[in-house]
>>> print(open('my_file-v7.pdb').read())   # PDB, C-alpha atoms
ATOM      1  CA  MET A 247     -16.649 -29.112 -15.222
ATOM      2  CA  LYS A 248     -15.247 -30.558 -18.459
ATOM      3  CA  ASN A 249     -18.719 -30.514 -20.032
ATOM      4  CA  MET A 250     -19.276 -26.934 -18.926
ATOM      5  CA  LEU A 251     -16.042 -25.829 -20.571
ATOM      6  CA  LEU A 252     -16.876 -27.773 -23.754
ATOM      7  CA  ASN A 253     -20.331 -26.157 -23.848
ATOM      8  CA  GLN A 254     -18.772 -22.719 -23.527
ATOM      9  CA  ILE A 255     -16.299 -23.392 -26.334
ATOM     10  CA  THR A 256     -19.059 -24.772 -28.604
ATOM     11  CA  LYS A 257     -21.302 -21.822 -27.757
ATOM     12  CA  SER A 258     -18.607 -19.307 -28.647
ATOM     13  CA  ALA A 259     -17.842 -21.152 -31.878
ATOM     14  CA  GLU A 260     -21.516 -20.962 -32.887
ATOM     15  CA  GLN A 261     -21.717 -17.205 -32.374
ATOM     16  CA  PRO A 262     -21.035 -14.961 -35.394
ATOM     17  CA  ASP A 263     -17.622 -13.325 -35.479
ATOM     18  CA  LEU A 264     -17.797 -10.066 -33.569
ATOM     19  CA  PHE A 265     -15.738  -8.158 -36.112
ATOM     20  CA  SER A 266     -17.570  -9.421 -39.175
ATOM     21  CA  ALA A 267     -20.626  -7.386 -38.170
ATOM     22  CA  ASP A 268     -20.567  -3.814 -39.502
ATOM     23  CA  LYS A 269     -22.558  -2.704 -36.466
ATOM     24  CA  TYR A 270     -19.526  -3.249 -34.262
ATOM     25  CA  ASN A 271     -17.484  -0.686 -36.186
ATOM     26  CA  VAL A 272     -20.380   1.760 -35.951
ATOM     27  CA  VAL A 273     -20.495   1.306 -32.148
ATOM     28  CA  VAL A 274     -16.723   1.911 -31.843
ATOM     29  CA  THR A 275     -16.963   4.988 -34.085
ATOM     30  CA  VAL A 276     -19.895   6.449 -32.105
ATOM     31  CA  ILE A 277     -18.070   5.925 -28.774
ATOM     32  CA  ALA A 278     -14.910   7.509 -30.222
ATOM     33  CA  ILE A 279     -16.923  10.537 -31.470
ATOM     34  CA  LEU A 280     -18.567  10.939 -28.049
ATOM     35  CA  PHE A 281     -15.177  11.016 -26.356
ATOM     36  CA  ILE A 282     -13.769  13.436 -28.954
ATOM     37  CA  GLY A 283     -16.726  15.679 -28.062
ATOM     38  CA  LEU A 284     -15.920  15.349 -24.354
ATOM     39  CA  PHE A 285     -12.284  16.267 -24.957
ATOM     40  CA  GLY A 286     -13.310  19.199 -27.131
ATOM     41  CA  TYR A 287     -15.543  20.423 -24.310
ATOM     42  CA  LEU A 288     -12.734  20.033 -21.749
ATOM     43  CA  PHE A 289     -10.269  21.938 -23.963
ATOM     44  CA  SER A 290     -12.785  24.753 -24.532
ATOM     45  CA  LEU A 291     -13.462  24.973 -20.766
ATOM     46  CA  ASP A 292      -9.722  25.065 -20.167
ATOM     47  CA  LYS A 293      -9.313  27.919 -22.630
ATOM     48  CA  LYS A 294     -12.222  29.927 -21.171
ATOM     49  CA  LEU A 295     -10.906  29.468 -17.629
ATOM     50  CA  SER A 296      -7.409  30.571 -18.662
ATOM     51  CA  LYS A 297      -8.894  33.757 -20.144
ATOM     52  CA  ILE A 298     -10.875  34.534 -16.966
ATOM     53  CA  GLU A 299      -7.856  33.781 -14.758
ATOM     54  CA  GLN A 300      -5.723  36.084 -16.915
ATOM     55  CA  LYS A 301      -8.345  38.842 -16.588
ATOM     56  CA  GLU A 302      -8.428  38.416 -12.815
ATOM     57  CA  GLU A 303      -4.631  38.593 -12.627
ATOM     58  CA  ASN A 304      -4.564  41.758 -14.712
ATOM     59  CA  LYS A 305      -7.207  43.334 -12.460
ATOM     60  CA  ALA A 306      -5.145  42.550  -9.393
TER      61      ALA A 306
ATOM     62  CA  MET B 231       3.989  20.443 -19.285
ATOM     63  CA  GLN B 232       0.279  20.912 -18.549
ATOM     64  CA  LYS B 233      -0.512  20.835 -22.259
ATOM     65  CA  LEU B 234       1.592  17.716 -22.797
ATOM     66  CA  ARG B 235      -0.279  15.965 -19.990
ATOM     67  CA  LYS B 236      -3.624  16.845 -21.582
ATOM     68  CA  VAL B 237      -2.493  15.663 -25.016
ATOM     69  CA  LEU B 238      -1.267  12.411 -23.427
ATOM     70  CA  THR B 239      -4.649  12.020 -21.699
ATOM     71  CA  VAL B 240      -6.474  12.349 -25.024
ATOM     72  CA  PHE B 241      -4.063   9.967 -26.724
ATOM     73  CA  PHE B 242      -4.192   7.257 -24.039
ATOM     74  CA  VAL B 243      -7.981   7.382 -23.563
ATOM     75  CA  MET B 244      -8.666   7.305 -27.321
ATOM     76  CA  TYR B 245      -6.149   4.467 -27.650
ATOM     77  CA  ALA B 246      -7.899   2.596 -24.815
ATOM     78  CA  ILE B 247     -11.251   3.011 -26.555
ATOM     79  CA  ILE B 248     -10.255   2.229 -30.142
ATOM     80  CA  ALA B 249      -7.517  -0.361 -29.549
ATOM     81  CA  GLY B 250      -9.377  -1.786 -26.552
ATOM     82  CA  LEU B 251     -12.441  -2.529 -28.635
ATOM     83  CA  THR B 252     -10.740  -3.637 -31.840
ATOM     84  CA  LEU B 253      -7.379  -5.324 -31.107
ATOM     85  CA  PRO B 254      -7.450  -9.114 -30.665
ATOM     86  CA  VAL B 255      -7.724 -10.500 -27.128
ATOM     87  CA  PRO B 256      -6.946 -13.970 -25.749
ATOM     88  CA  GLN B 257      -9.895 -16.348 -26.157
ATOM     89  CA  LEU B 258     -10.551 -17.494 -22.601
ATOM     90  CA  PRO B 259     -13.502 -19.705 -21.653
ATOM     91  CA  ILE B 260     -16.408 -17.886 -19.939
ATOM     92  CA  LEU B 261     -14.616 -14.495 -20.182
ATOM     93  CA  GLU B 262     -14.532 -14.506 -23.991
ATOM     94  CA  GLN B 263     -14.852 -10.960 -25.427
ATOM     95  CA  SER B 264     -15.908  -9.559 -22.042
ATOM     96  CA  ILE B 265     -12.203  -9.492 -21.112
ATOM     97  CA  ARG B 266     -12.110  -6.152 -22.984
ATOM     98  CA  ASN B 267     -13.844  -4.688 -19.955
ATOM     99  CA  LEU B 268     -10.452  -4.971 -18.231
ATOM    100  CA  TYR B 269      -9.512  -1.732 -20.042
ATOM    101  CA  TYR B 270     -12.470   0.168 -18.579
ATOM    102  CA  HIS B 271     -13.527  -1.462 -15.307
ATOM    103  CA  VAL B 272     -10.122  -1.830 -13.606
ATOM    104  CA  PRO B 273      -8.718   1.620 -14.579
ATOM    105  CA  MET B 274     -11.852   3.208 -13.058
ATOM    106  CA  TRP B 275     -10.815   1.841  -9.646
ATOM    107  CA  PHE B 276      -7.224   2.987 -10.165
ATOM    108  CA  GLY B 277      -8.567   6.437 -11.051
ATOM    109  CA  MET B 278     -10.917   6.452  -8.088
ATOM    110  CA  ILE B 279      -8.100   5.572  -5.682
ATOM    111  CA  ALA B 280      -5.800   8.250  -7.151
ATOM    112  CA  LEU B 281      -8.560  10.853  -6.755
ATOM    113  CA  LEU B 282      -9.403   9.738  -3.219
ATOM    114  CA  VAL B 283      -5.712  10.024  -2.297
ATOM    115  CA  GLY B 284      -5.906  13.626  -3.571
ATOM    116  CA  SER B 285      -9.040  14.158  -1.489
ATOM    117  CA  ALA B 286      -7.479  12.749   1.695
ATOM    118  CA  TYR B 287      -4.281  14.782   1.146
ATOM    119  CA  ASN B 288      -6.305  17.995   0.831
ATOM    120  CA  ALA B 289      -8.362  17.033   3.888
ATOM    121  CA  TYR B 290      -5.061  16.846   5.774
ATOM    122  CA  GLN B 291      -4.169  20.274   4.350
ATOM    123  CA  VAL B 292      -7.451  21.658   5.741
ATOM    124  CA  LEU B 293      -6.524  20.435   9.198
ATOM    125  CA  SER B 294      -3.051  21.952   8.754
ATOM    126  CA  GLY B 295      -4.679  25.349   8.329
ATOM    127  CA  LYS B 296      -4.734  25.707   4.522
ATOM    128  CA  GLY B 297      -8.340  26.954   4.584
ATOM    129  CA  LEU B 298     -11.361  26.771   2.335
ATOM    130  CA  LEU B 299      -9.529  26.241  -0.944
ATOM    131  CA  ALA B 300      -8.054  22.962   0.329
ATOM    132  CA  ASP B 301     -11.548  21.975   1.489
ATOM    133  CA  ALA B 302     -12.967  22.710  -1.968
ATOM    134  CA  LYS B 303     -10.185  20.618  -3.548
ATOM    135  CA  SER B 304     -10.828  17.756  -1.130
ATOM    136  CA  ASN B 305     -14.554  17.836  -1.917
ATOM    137  CA  ILE B 306     -14.020  17.964  -5.702
ATOM    138  CA  TYR B 307     -11.507  15.091  -5.700
ATOM    139  CA  ALA B 308     -13.948  13.012  -3.628
ATOM    140  CA  ARG B 309     -16.810  13.827  -6.032
ATOM    141  CA  ILE B 310     -14.892  12.884  -9.169
ATOM    142  CA  GLY B 311     -13.529   9.836  -7.319
ATOM    143  CA  MET B 312     -17.066   8.717  -6.555
ATOM    144  CA  LEU B 313     -18.084   9.326 -10.171
ATOM    145  CA  TYR B 314     -15.259   6.973 -11.168
ATOM    146  CA  GLY B 315     -16.403   4.537  -8.478
ATOM    147  CA  CYS B 316     -19.958   4.550  -9.870
ATOM    148  CA  ILE B 317     -18.672   3.916 -13.412
ATOM    149  CA  GLY B 318     -16.468   1.138 -11.964
ATOM    150  CA  ILE B 319     -19.492  -0.438 -10.276
ATOM    151  CA  VAL B 320     -21.631  -0.233 -13.439
ATOM    152  CA  THR B 321     -18.913  -1.671 -15.721
ATOM    153  CA  GLY B 322     -18.304  -4.371 -13.101
ATOM    154  CA  MET B 323     -22.003  -5.237 -12.960
ATOM    155  CA  ILE B 324     -22.158  -5.642 -16.745
ATOM    156  CA  TRP B 325     -19.056  -7.844 -16.600
ATOM    157  CA  ALA B 326     -20.507  -9.879 -13.719
ATOM    158  CA  LYS B 327     -23.757 -10.480 -15.624
ATOM    159  CA  ASN B 328     -21.820 -11.880 -18.577
ATOM    160  CA  THR B 329     -19.402 -14.048 -16.593
ATOM    161  CA  TRP B 330     -20.990 -14.876 -13.225
ATOM    162  CA  GLY B 331     -24.604 -14.776 -14.453
ATOM    163  CA  ALA B 332     -25.925 -11.979 -12.230
ATOM    164  CA  TYR B 333     -25.446  -8.224 -11.954
ATOM    165  CA  TRP B 334     -24.694  -8.476  -8.232
ATOM    166  CA  VAL B 335     -23.407 -11.520  -6.395
ATOM    167  CA  SER B 336     -22.607 -11.842  -2.703
ATOM    168  CA  ASP B 337     -18.887 -11.320  -3.164
ATOM    169  CA  PRO B 338     -16.798  -9.650  -0.431
ATOM    170  CA  LYS B 339     -15.132  -7.287  -2.908
ATOM    171  CA  LEU B 340     -18.462  -6.099  -4.344
ATOM    172  CA  ASN B 341     -20.058  -5.660  -0.953
ATOM    173  CA  SER B 342     -16.971  -3.924   0.462
ATOM    174  CA  ALA B 343     -16.866  -1.522  -2.490
ATOM    175  CA  ALA B 344     -20.567  -0.749  -1.989
ATOM    176  CA  ILE B 345     -20.044  -0.117   1.750
ATOM    177  CA  GLY B 346     -17.043   2.109   1.018
ATOM    178  CA  MET B 347     -18.982   4.130  -1.529
ATOM    179  CA  LEU B 348     -21.860   4.546   0.894
ATOM    180  CA  MET B 349     -19.333   5.890   3.414
ATOM    181  CA  TYR B 350     -18.317   8.527   0.898
ATOM    182  CA  ALA B 351     -22.007   9.218   0.183
ATOM    183  CA  ALA B 352     -22.317   9.951   3.922
ATOM    184  CA  TYR B 353     -19.382  12.385   3.521
ATOM    185  CA  PHE B 354     -21.429  14.401   1.018
ATOM    186  CA  VAL B 355     -24.520  14.248   3.245
ATOM    187  CA  LEU B 356     -22.399  15.463   6.171
ATOM    188  CA  ARG B 357     -21.100  18.390   4.111
ATOM    189  CA  GLY B 358     -24.607  19.282   3.025
ATOM    190  CA  SER B 359     -25.893  19.286   6.597
ATOM    191  CA  LEU B 360     -23.438  21.913   7.873
ATOM    192  CA  GLU B 361     -24.044  25.628   7.321
ATOM    193  CA  ASP B 362     -20.834  27.284   8.492
ATOM    194  CA  ASP B 363     -18.089  26.923   5.844
ATOM    195  CA  TYR B 364     -15.191  26.647   8.298
ATOM    196  CA  GLN B 365     -17.021  24.114  10.458
ATOM    197  CA  LYS B 366     -17.959  22.173   7.309
ATOM    198  CA  ALA B 367     -14.316  22.172   6.178
ATOM    199  CA  ARG B 368     -12.917  20.904   9.489
ATOM    200  CA  ILE B 369     -15.549  18.269  10.273
ATOM    201  CA  SER B 370     -15.659  16.861   6.735
ATOM    202  CA  ALA B 371     -11.838  16.778   6.633
ATOM    203  CA  ILE B 372     -11.775  14.683   9.817
ATOM    204  CA  TYR B 373     -14.444  12.357   8.407
ATOM    205  CA  ASN B 374     -12.571  12.126   5.086
ATOM    206  CA  LEU B 375      -9.353  11.120   6.855
ATOM    207  CA  PHE B 376     -11.300   8.429   8.725
ATOM    208  CA  CYS B 377     -13.116   7.275   5.588
ATOM    209  CA  PHE B 378     -10.119   6.860   3.275
ATOM    210  CA  PRO B 379      -8.112   4.200   5.208
ATOM    211  CA  VAL B 380     -11.310   2.286   6.039
ATOM    212  CA  PHE B 381     -12.247   2.221   2.337
ATOM    213  CA  MET B 382      -8.754   0.965   1.420
ATOM    214  CA  VAL B 383      -9.027  -1.826   4.016
ATOM    215  CA  LEU B 384     -12.499  -2.689   2.718
ATOM    216  CA  ILE B 385     -11.455  -3.073  -0.918
ATOM    217  CA  PHE B 386      -7.888  -4.371  -0.568
ATOM    218  CA  VAL B 387      -7.629  -6.335   2.686
ATOM    219  CA  ILE B 388     -11.015  -7.896   3.513
ATOM    220  CA  PRO B 389     -11.584  -9.519   0.061
ATOM    221  CA  ARG B 390      -8.191 -11.216   0.384
ATOM    222  CA  LEU B 391      -9.092 -12.784   3.718
ATOM    223  CA  THR B 392     -12.169 -14.690   2.503
ATOM    224  CA  ASP B 393     -13.332 -16.596  -0.583
ATOM    225  CA  SER B 394     -13.932 -14.269  -3.509
ATOM    226  CA  LEU B 395     -14.921 -14.575  -7.158
ATOM    227  CA  HIS B 396     -12.729 -11.614  -8.050
ATOM    228  CA  PRO B 397      -9.374 -12.372  -9.696
ATOM    229  CA  GLY B 398      -6.475 -11.941  -7.289
ATOM    230  CA  ASN B 399      -8.643 -12.291  -4.181
ATOM    231  CA  GLY B 400      -9.512 -15.120  -1.792
ATOM    232  CA  GLY B 401      -6.989 -17.515  -3.329
ATOM    233  CA  ASN B 402      -8.160 -16.795  -6.908
ATOM    234  CA  PRO B 403      -5.330 -16.235  -9.365
ATOM    235  CA  GLY B 404      -4.985 -12.602 -10.477
ATOM    236  CA  PHE B 405      -5.163 -11.611 -14.130
ATOM    237  CA  ASN B 406      -1.467 -10.846 -14.177
ATOM    238  CA  GLN B 407      -0.562 -14.390 -13.118
ATOM    239  CA  TYR B 408      -2.056 -16.277 -16.066
ATOM    240  CA  ASP B 409      -4.243 -14.241 -18.330
ATOM    241  CA  LEU B 410      -2.783 -10.762 -18.646
ATOM    242  CA  ASP B 411      -0.680 -11.595 -21.690
ATOM    243  CA  SER B 412       1.245  -9.048 -23.770
ATOM    244  CA  ARG B 413      -1.788  -8.276 -25.967
ATOM    245  CA  LEU B 414      -3.771  -7.175 -22.923
ATOM    246  CA  ARG B 415      -0.857  -5.337 -21.307
ATOM    247  CA  MET B 416      -0.334  -3.299 -24.485
ATOM    248  CA  VAL B 417      -3.719  -1.641 -23.958
ATOM    249  CA  PHE B 418      -4.230  -2.069 -20.201
ATOM    250  CA  TYR B 419      -1.316   0.057 -18.958
ATOM    251  CA  PRO B 420      -1.963   3.034 -21.292
ATOM    252  CA  ALA B 421      -5.673   2.730 -20.387
ATOM    253  CA  VAL B 422      -4.871   3.013 -16.669
ATOM    254  CA  ILE B 423      -2.676   6.087 -17.272
ATOM    255  CA  GLY B 424      -5.257   7.676 -19.578
ATOM    256  CA  TRP B 425      -8.285   7.215 -17.312
ATOM    257  CA  VAL B 426      -6.371   8.376 -14.211
ATOM    258  CA  LEU B 427      -5.128  11.499 -16.046
ATOM    259  CA  LEU B 428      -8.655  12.199 -17.339
ATOM    260  CA  GLY B 429     -10.025  12.123 -13.781
ATOM    261  CA  ILE B 430      -7.298  14.503 -12.604
ATOM    262  CA  TRP B 431      -7.988  16.826 -15.554
ATOM    263  CA  ILE B 432     -11.745  16.988 -14.820
ATOM    264  CA  ALA B 433     -11.009  17.572 -11.119
ATOM    265  CA  GLU B 434      -8.532  20.339 -11.970
ATOM    266  CA  ILE B 435     -11.076  22.174 -14.121
ATOM    267  CA  SER B 436     -13.651  21.974 -11.311
ATOM    268  CA  ILE B 437     -11.041  23.254  -8.834
ATOM    269  CA  ARG B 438     -10.176  26.198 -11.074
ATOM    270  CA  ILE B 439     -13.875  27.130 -11.338
ATOM    271  CA  LYS B 440     -14.254  26.830  -7.541
ATOM    272  CA  THR B 441     -11.114  28.937  -6.971
ATOM    273  CA  LEU B 442     -12.535  31.723  -9.136
ATOM    274  CA  GLU B 443     -15.824  31.526  -7.203
ATOM    275  CA  ILE B 444     -14.014  31.712  -3.839
ATOM    276  CA  LYS B 445     -11.995  34.724  -5.072
ATOM    277  CA  LYS B 446     -15.244  36.411  -6.131
ATOM    278  CA  TRP B 447     -16.848  35.823  -2.713
ATOM    279  CA  THR B 448     -13.870  37.091  -0.758
ATOM    280  CA  LYS B 449     -13.698  40.359  -2.764
TER     281      LYS B 449
END
>>> encode(input="my_file-v7.pdb", output="structure tokens")
Amino acid sequence: MKNMLLNQITKSAEQPDLFSADKYNVVVTVIAILFIGLFGYLFSLDKKLSKIEQKEENKA
Amino acid sequence: MQKLRKVLTVFFVMYAIIAGLTLPVPQLPILEQSIRNLYYHVPMWFGMIALLVGSAYNAYQVLSGKGLLADAKSNIYARIGMLYGCIGIVTGMIWAKNTWGAYWVSDPKLNSAAIGMLMYAAYFVLRGSLEDDYQKARISAIYNLFCFPVFMVLIFVIPRLTDSLHPGNGGNPGFNQYDLDSRLRMVFYPAVIGWVLLGIWIAEISIRIKTLEIKKWTK
């Protein structure tokens, strides 16, 4: 058990720092852009639906 | 109020993504950086449960005579809930591969979640097999009200009765007991709120579309 834990700690120490790689920032940025797109889509759907609902109300 | 809720959803989800992936996390053996999945995997289950509560409540409304709109709401909440469940399973599998060494292990929580989700899959099959809308509404509402408590027992009670790899189950310490320090809490709680609100928002949009469709049919 002790050896296993030591191996894990050594292994993690050998790995390059996650944040030193520029690729990591690119991944975070891409994910953030994707979600901004999703929110933009949801807001536009919301707006369109409000317009249709308003039309329907006016008809009634 | 509606607008504020949507703005809060955007803020909390974006915060969960950006802060969740960039802020420092405690360096725990085996878990290492995979602990960041706490901000995505766990809130998916919270979101799924919130949506399934909405589904069961609307199923009860159907049986109380609220009609097809309540049935549509119940169906949509269950659908989005299952979408959250699928994302929860996938994020959990990735986490399991990196910590337990395999995508799927014979753990009571994993198996119970899979059984529960298959029960909800049967709910959709049941709905698809019925032609008459009113019959579909009543029968699927009864099945939904049977399904929901069984699913809750499957994911909350059974894993606690036997040995489990999952934190907080089968005698395992939960994250909040040792590992959920203030750095994790700072992102975890907003992440839970954000993902739950996002699920409700998506469900609401689907409900509004369905309501307009129902109004069009009944004209």
>>> atom_distance(input="my_file-v7.pdb", atom1="CA of Asp301 (chain B)", atom2="CA of Ser370 (chain B)")
8.4 Å
>>> residues_around(input="my_file-v7.pdb", residues="Ile277 (chain A)", least_positions_apart="2", cutoff="12 Å", atoms="only C-alpha atoms", output="count of residues only")
19
>>> resolve_selection(input="my_file-v7.pdb", expression="the ChimeraX specification (/A :<8) & /B", output="MDAnalysis selection string")
chainID B and resid 240 244 247:248 251:252 259:260 262 432 435 438:439 442
>>> write_last_selection(input="my_file-v7.pdb", atoms="C-alpha atoms", output="mmCIF file, in the frame of the given file")
data_model
loop_
_atom_site.group_PDB
_atom_site.id
_atom_site.type_symbol
_atom_site.label_atom_id
_atom_site.label_comp_id
_atom_site.auth_asym_id
_atom_site.auth_seq_id
_atom_site.Cartn_x
_atom_site.Cartn_y
_atom_site.Cartn_z
ATOM 1 C CA VAL B 240 -6.474 12.349 -25.024
ATOM 2 C CA MET B 244 -8.666 7.305 -27.321
ATOM 3 C CA ILE B 247 -11.251 3.011 -26.555
ATOM 4 C CA ILE B 248 -10.255 2.229 -30.142
ATOM 5 C CA LEU B 251 -12.441 -2.529 -28.635
ATOM 6 C CA THR B 252 -10.740 -3.637 -31.840
ATOM 7 C CA PRO B 259 -13.502 -19.705 -21.653
ATOM 8 C CA ILE B 260 -16.408 -17.886 -19.939
ATOM 9 C CA GLU B 262 -14.532 -14.506 -23.991
ATOM 10 C CA ILE B 432 -11.745 16.988 -14.820
ATOM 11 C CA ILE B 435 -11.076 22.174 -14.121
ATOM 12 C CA ARG B 438 -10.176 26.198 -11.074
ATOM 13 C CA ILE B 439 -13.875 27.130 -11.338
ATOM 14 C CA LEU B 442 -12.535 31.723 -9.136
#
>>> resolve_selection(input="my_file-v7.pdb", expression="the PyMOL selection byres ((chain B and resi 231-237) around 8)", output="ChimeraX atom specification")
/B:238-241,427,431
>>> resolve_selection(input="my_file-v7.pdb", expression="the PyMOL selection byres ((chain B and resi 280) around 12)", output="NGL selection string")
:B and (273-279 or 281-287 or 307-308 or 310-312 or 314-315 or 378 or 382 or 422-423 or 425-430 or 433)
>>> atom_distance(input="my_file-v7.pdb", atom1="CA of Ile444 (chain B)", atom2="CA of Tyr364 (chain B)")
13.2 Å
>>> atom_distance(input="my_file-v7.pdb", atom1="CA of Ser304 (chain B)", atom2="CA of Gly358 (chain B)")
14.5 Å
>>> axis_aligned_box(input="my_file-v7.pdb", around="region 242-246 of chain B", padding_each_side="6 Å", output="lines of an AutoDock Vina configuration file")
center_x = -6.4
center_y = 5.0
center_z = -25.6
size_x = 16.5
size_y = 16.8
size_z = 16.1
